[in-house]
Amino acid sequence: MATRSHRPGTATGAPGGSRGRLRRRLPMRLLLPLLLLVALLAMLMLRGYVHSEILADHRVGPPAASDQVPKDILKGGPVIDTRGGRPASLDLPDHELVLTFDDGPDPMWTPKVLDVLKKHDARAVFFITGTMASRYPDLVQRMVDEGHEIGLHTFNHPDLSLQSKSRVDWELSQNQLALAGAAGIRTSLFRPPYSSFAQNMDNKSWPVTEYIGSKGYITIVNNTDSEDWRRPGVQQIIRNATPKGGKGAVVLMHDSGGDRSQTVAALDRYVAGMKDQGYRFDTLTAALDAPSAHTPVAGLEAVKGEAWVFLVQASEKTTGVLVTGLAVVGVLVFGRLGLMLILSVAHARRVRRRGFRWGATVTEPVSVLVPAYNEAKCIEQTVRSLVASDHPIEVLVIDDGSTDGTARIVENLGLPGVRVIRQLNAGKPAALNRGIANARHDLIVMMDGDTVFEPTTVRELVQPFGDPRVGAVAGNAKVGNRDSLIGAWQHIEYVMGFNLDRRMYDVLRCMPTIPGAVGAFRRSALERVGGMSDDTLAEDTDITMALHRDGWHVVYAEKAIAWTEAPESVQQLWSQRYRWSYGTMQAIWKHRRSLVERGPSGRFGRVGMPLVSMFMVVAPLLAPLIDVFLLYGLVFGPTEKTIGAWLGVLAVQGVCAAYAFHLDKERMTHLISLPLQQLLYRQLMYVVLLQSWITALTGGRLRWQKLRRTGAVGLPGAGSSANQPQMDGRPVG
C-alpha cells in the first residue's frame with residue numbers, strides 16, 4: 001500500500017541494540033502458529049503409529065523345522081510356561097472351555113461379543129493389541145468390569161519370530177502401557193500373533209516363547225480353532241469350536257479384523273449348546289485354579305498409561321476434525337471453482353457481447369487520487385502514466401508525510417493537471433479523504449503510488465457509471481514484476497484468484513473489495529457512507545461492504561488494467577497478506593449486522609458475507625489440509641490413490657487458471673509454476689491467515705507496514721524514458 005500510519009522511530013545508536021534484538025523473544029503471533037503446526041504434525045504421526053502405519057511389520061515367516069523344540073511342548077497343552085527356565089505345558093480340565101478372542105477390541109464387534117457373553121453369564125480371555133486398546137480403552141475397561149481376562153497380543157501384530165529382542169520388548173511394553181491406560185492393570189498372559197497349536201511350534205517361534213517366559217509371561221496358544229476368520233458359516237464355526245469327548249479346550253475366535261457377524265451368531269448358539277452339555281466357560285486362571293493374571297498398576301506406571309491413552313484419543317479426535325475439515329475444504333474449493341467457472345463464463349458473455357453498454361458513454365472529467373508515502377522510486381512512472389490517459393482527468397498526489405522527497409519529485413515534473421497536497425503522516429484513509437475533499441469532479445478514481453495505468457484505464461474504469469445504480473467499480477489489477485518465482489505465483493493468484501473471483505462476485509452482486517490499486521467511486525456514494533474509514537486495516541474492503549449495504553451496485557471492469565508492484569520477498573509478502581487477512585476479518589466483523597438487517601444491507605449480509613467468509617477466510621485456512629493429507633498419504637499410504645487425488649485437485653485448479661488466463665489474454669507459460677505454488681505458496685498464506693486469526697482472537701493490534709518499492713513496474717513493452725532519473729535506493733532530499 002502507498003501509505004502507513006504514524007509510528008515512532010527506532011533508536012539506532014542504543015548500546016547493546018544488536019544483542020537486544022538477538023535476545024528478543026519470538027512474537028506470540030508467530031510462536032502460536034508454529035506450535036500449532038508442530039502439534040498437528042505430532043498428532044498425525046501418533047495416529048500413523050497407532051494405526052500400524054508407522055513401524056508396522058506385516059511379514060509372516062514361512063514354516064521351519066521343529067527339532068529344537070522340546071517334545072513335551074510339541075505334545076503338550078495350549079498353556080506354555082517357560083518362566084524359570086523350565087518349560088512346561090498344561091491342558092485344561094475336562095468340560096472347561098476357555099473362549100479366547102484375538103485382535104480386538106473392535107468398536108463394532110467386541111460390544112456384540114460382550115453382549116452375548118453377558119447374556120449367557122460366560123467368561124472369556126481377550127488377547128488385545130495395543131493399537132486397538134489405545135483407540136478403544138472403554139471396551140477394555142468393560143471387559144475387565146464384566147469379569148473377563150485380558151492377555152497381550154503385541155502392540156501392532158508383527159510376527160515376533162522375525163523381530164529382534166529389543167523389538168519384542170518394545171511390543172510387550174507398549175501393549176502393557178495401553179492396557180494400563182485403558183483399565184489400570186497389567187497382565188501375565190500372552191499370545192503370539194500368527195500362532196496356532198502347540199504342535200506347530202518351530203525353531204523360530206520357540207526361542208521367542210522362551211524369551212517371553214523370561215520376562216514373566218505365560219504363553220497361551222489354542223487346541224481348538226473355530227476358523228471363524230475364514231467365515232465358513234455359523235454351523236461350521238460351531239463344529240470347529242466343539243472339542244471331542246468332553247475334553248477341556250482353549251477355543252480360538254476373533255472379535256476384530258473384519259466382518260465378525262458369523263462369529264457373533266455362532267457364539268450365541270455355541271455357548272448355549274455347550275452349557276447344555278455340561279461345559280463351563282471361565283477365564284484361563286479360573287479354569288486352572290490359578291491366581292489372577294491381572295495386577296493393578298499405580299504410581300508413575302498408571303500416570304504414563306493414562307497419558308498415553310489421552311494422547312491417542314486426542315490424536316484420533318484431531319484426525320477426525322482434520323478429515324471433517326478436509327471434506328469442508330473440498331466442498332468449498334470445488335464449489336468455488338465451479339461457481340467461478342460458470343459465473344465467469346456468464347460475466348464474460350454479458351460484457352463482451354456485441355453492442356454491450358453500461359449506459360450512456362461517460363465523458364465527464366475524473367479526479368484521480370494517488371496517496372503516497374515514500375514512493376520516490378516509482379511515483380514518477382505512476383504520474384506520467386496518468387498524464388498519458390486518453391480521458392480528461394485531474395491528478396491529486398496526496399503526500400502523507402513522506403521523508404524521501406516524493407512530493408518534490410512530483411512538483412519538479414511540472415506536469416499539467418497534476419497537483420500535490422501535503423499532510424502530516426496520518427495513514428491512507430486520511431490521505432484519501434483529504435483527496436476527496438480537494439477533488440473537483442464527481443467521479444473519483446483511487447490508485448496506489450506504486451501502480452501504473454494504461455492510457456485507456458481511466459476511461460474503461462468509469463464507463464460503468466453510465467448506469468446510475470453503480471456506486472463503485474473494481475479494475476483489473478495485474479502484477480507487473482512477475483519475472484521472479486514469487487512474482488509469478490502472485491501473478492497466478494491475481495489473475496485466477498482475484499480477477500476471476502471478481503467476475504463471479506459481479507454476477508452475484510456482492511463484490512467484496514474494490515482493489516486499492518485500481519478502483520473508482522461516485523463522490524455521492526462515498527459521502528453517503530461517510531468516506532474512507534480507518535476502522536480497519538482493509539479500508540478498500542470496508543468501503544466496498546459499506547456501499548453494498550447502502551444499496552449501490554459494485555461492478556468489475558475487466559478492461560481497466562493497472563500494473564502494480566507486488567512484494568518481492570517472502571517477508572514483504574507476509575506483511576502485506578497479514579494486513580489484508582486481518583483487515584478483511586475486521587471488515588466482516590464491522591459489517592456483521594448486515595446478516596440480520598433488511599433491504600440491500602440484508603441482501604449483502606445473507607449472500608455476500610457468507611461467501612466472503614467461506615471463500616476468503618475459511619477455505620484458505622483449511623486449504624493446506626489437502627497438502628497435509630497428501631504428505632500423510634505419501635508417507636503412510638495409499639500412495640497411488642493419494643497422488644491421484646491430489647493431481648485431480650490440481651487439474652481442476654489448472655483448468656480454472658487456464659480459463660482465467662485466457663479471459664485476461666495472459667501467456668500460459670506462467671502456469672508452469674502452478675504445482676509449486678500449490679505446495680509452497682499456499683502454506684505461506686495459511687500461516688499468515690492463522691496468524692491473523694490469532695491476532696484477532698487475542699485482541700492484538702496490527703499497524704500499517706510499508707513495503708519496499710523498487711520502481712521496476714512499467715507498462716508492458718515500454719522502455720525506460722531517457723530523461724527518467726535513475727533511483728539508487730537512497731532517500732531524495
# chains A, B, ... in the order shown; residues from 1 in each chain; ligands from 1
$ residues_around --residues "A:Ala477" --least-positions-apart "2" --cutoff "7 Å" --atoms "only C-alpha atoms" --output "number ranges by chain"
A: 475, 479, 517-518, 561-564
$ select_by_dssp --residues "stretch 236-465 of chain A" --states "helix (DSSP H, G or I)" --output "VMD selection string"
chain A and resid 236 to 241 261 to 276 284 to 287 299 to 352 379 to 387 406 to 413 428 to 438 457 to 465
$ closest_residue --among "A:Asp169, A:Lys590, A:His294, A:Ala64" --to "A:Gly151" --atoms "only C-alpha atoms"
A:His294
$ residues_around --residues "A:Met108" --least-positions-apart "2" --cutoff "10 Å" --atoms "only C-alpha atoms" --output "PyMOL selection string"
chain A and resi 105-106+110-113+255-256+258-261
$ write_last_selection --atoms "N, CA, C and O atoms" --output "mmCIF file, in the first residue's frame"
data_model
loop_
_atom_site.group_PDB
_atom_site.id
_atom_site.type_symbol
_atom_site.label_atom_id
_atom_site.label_comp_id
_atom_site.auth_asym_id
_atom_site.auth_seq_id
_atom_site.Cartn_x
_atom_site.Cartn_y
_atom_site.Cartn_z
ATOM 1 N N PRO A 105 -9.670 -54.692 20.936
ATOM 2 C CA PRO A 105 -11.125 -54.588 20.784
ATOM 3 C C PRO A 105 -11.526 -53.826 19.519
ATOM 4 O O PRO A 105 -10.815 -52.928 19.081
ATOM 5 N N ASP A 106 -12.672 -54.218 18.970
ATOM 6 C CA ASP A 106 -13.212 -53.583 17.774
ATOM 7 C C ASP A 106 -14.504 -52.856 18.163
ATOM 8 O O ASP A 106 -15.350 -53.428 18.864
ATOM 9 N N THR A 110 -16.689 -56.170 19.125
ATOM 10 C CA THR A 110 -16.417 -56.506 20.520
ATOM 11 C C THR A 110 -17.629 -56.265 21.418
ATOM 12 O O THR A 110 -17.948 -57.121 22.263
ATOM 13 N N PRO A 111 -18.351 -55.143 21.299
ATOM 14 C CA PRO A 111 -19.547 -54.984 22.142
ATOM 15 C C PRO A 111 -20.582 -56.084 21.923
ATOM 16 O O PRO A 111 -21.243 -56.516 22.883
ATOM 17 N N LYS A 112 -20.720 -56.546 20.684
ATOM 18 C CA LYS A 112 -21.691 -57.613 20.414
ATOM 19 C C LYS A 112 -21.242 -58.931 21.030
ATOM 20 O O LYS A 112 -22.065 -59.695 21.559
ATOM 21 N N VAL A 113 -19.934 -59.205 20.986
ATOM 22 C CA VAL A 113 -19.406 -60.408 21.635
ATOM 23 C C VAL A 113 -19.628 -60.325 23.144
ATOM 24 O O VAL A 113 -20.070 -61.301 23.784
ATOM 25 N N ASP A 255 -12.590 -61.182 17.591
ATOM 26 C CA ASP A 255 -13.592 -60.114 17.738
ATOM 27 C C ASP A 255 -13.190 -58.868 16.957
ATOM 28 O O ASP A 255 -13.758 -57.790 17.144
ATOM 29 N N SER A 256 -12.229 -59.030 16.057
ATOM 30 C CA SER A 256 -11.780 -57.903 15.251
ATOM 31 C C SER A 256 -11.141 -58.450 13.982
ATOM 32 O O SER A 256 -11.067 -59.661 13.781
ATOM 33 N N GLY A 258 -12.138 -57.753 10.720
ATOM 34 C CA GLY A 258 -13.014 -57.945 9.566
ATOM 35 C C GLY A 258 -14.449 -58.148 9.991
ATOM 36 O O GLY A 258 -14.842 -57.832 11.124
ATOM 37 N N ASP A 259 -15.251 -58.701 9.100
ATOM 38 C CA ASP A 259 -16.668 -58.951 9.365
ATOM 39 C C ASP A 259 -16.781 -60.156 10.300
ATOM 40 O O ASP A 259 -16.465 -61.286 9.916
ATOM 41 N N ARG A 260 -17.237 -59.923 11.526
ATOM 42 C CA ARG A 260 -17.363 -60.994 12.519
ATOM 43 C C ARG A 260 -18.825 -61.310 12.830
ATOM 44 O O ARG A 260 -19.153 -61.787 13.912
ATOM 45 N N SER A 261 -19.705 -61.054 11.868
ATOM 46 C CA SER A 261 -21.129 -61.328 12.100
ATOM 47 C C SER A 261 -21.373 -62.816 12.303
ATOM 48 O O SER A 261 -22.194 -63.208 13.142
#
$ atom_distance --atom1 "atom CA of A:Arg59" --atom2 "atom CA of A:Pro193"
11.3 Å
$ residues_around --residues "stretch 404-420 of chain A" --least-positions-apart "4" --cutoff "8 Å" --atoms "only C-alpha atoms" --output "ChimeraX atom specification"
/A:372-376,379-380,383,387,393-399,731-733
$ closest_residue --among "A:Ser613, A:Ser214, A:Gln163, A:Thr129" --to "A:Gly84" --atoms "only C-alpha atoms"
A:Ser214
$ closest_atom_pairs --of "stretch 261-316 of chain A" --to "stretch 90-95 of chain A" --cutoff "9 Å" --atoms "only C-alpha atoms" --output "JSON lines"
{"residue": "A:Gln277", "atom": "CA", "partner": "A:His95", "partner_atom": "CA", "distance": 8.7}
{"residue": "A:Gly278", "atom": "CA", "partner": "A:His95", "partner_atom": "CA", "distance": 6.7}
{"residue": "A:Tyr279", "atom": "CA", "partner": "A:His95", "partner_atom": "CA", "distance": 4.6}
{"residue": "A:Arg280", "atom": "CA", "partner": "A:His95", "partner_atom": "CA", "distance": 6.2}
{"residue": "A:Phe281", "atom": "CA", "partner": "A:His95", "partner_atom": "CA", "distance": 8.8}
{"residue": "A:Leu284", "atom": "CA", "partner": "A:Leu92", "partner_atom": "CA", "distance": 8.6}
{"residue": "A:Ala287", "atom": "CA", "partner": "A:Leu92", "partner_atom": "CA", "distance": 6.9}
{"residue": "A:Leu288", "atom": "CA", "partner": "A:Leu92", "partner_atom": "CA", "distance": 6.7}
$ closest_residue --among "A:Tyr49, A:Phe310, A:Phe465, A:Phe155" --to "A:Gly359" --atoms "only C-alpha atoms"
A:Phe465
$ atom_distance --atom1 "atom CA of A:Gly497" --atom2 "atom CA of A:Lys665"
15.6 Å
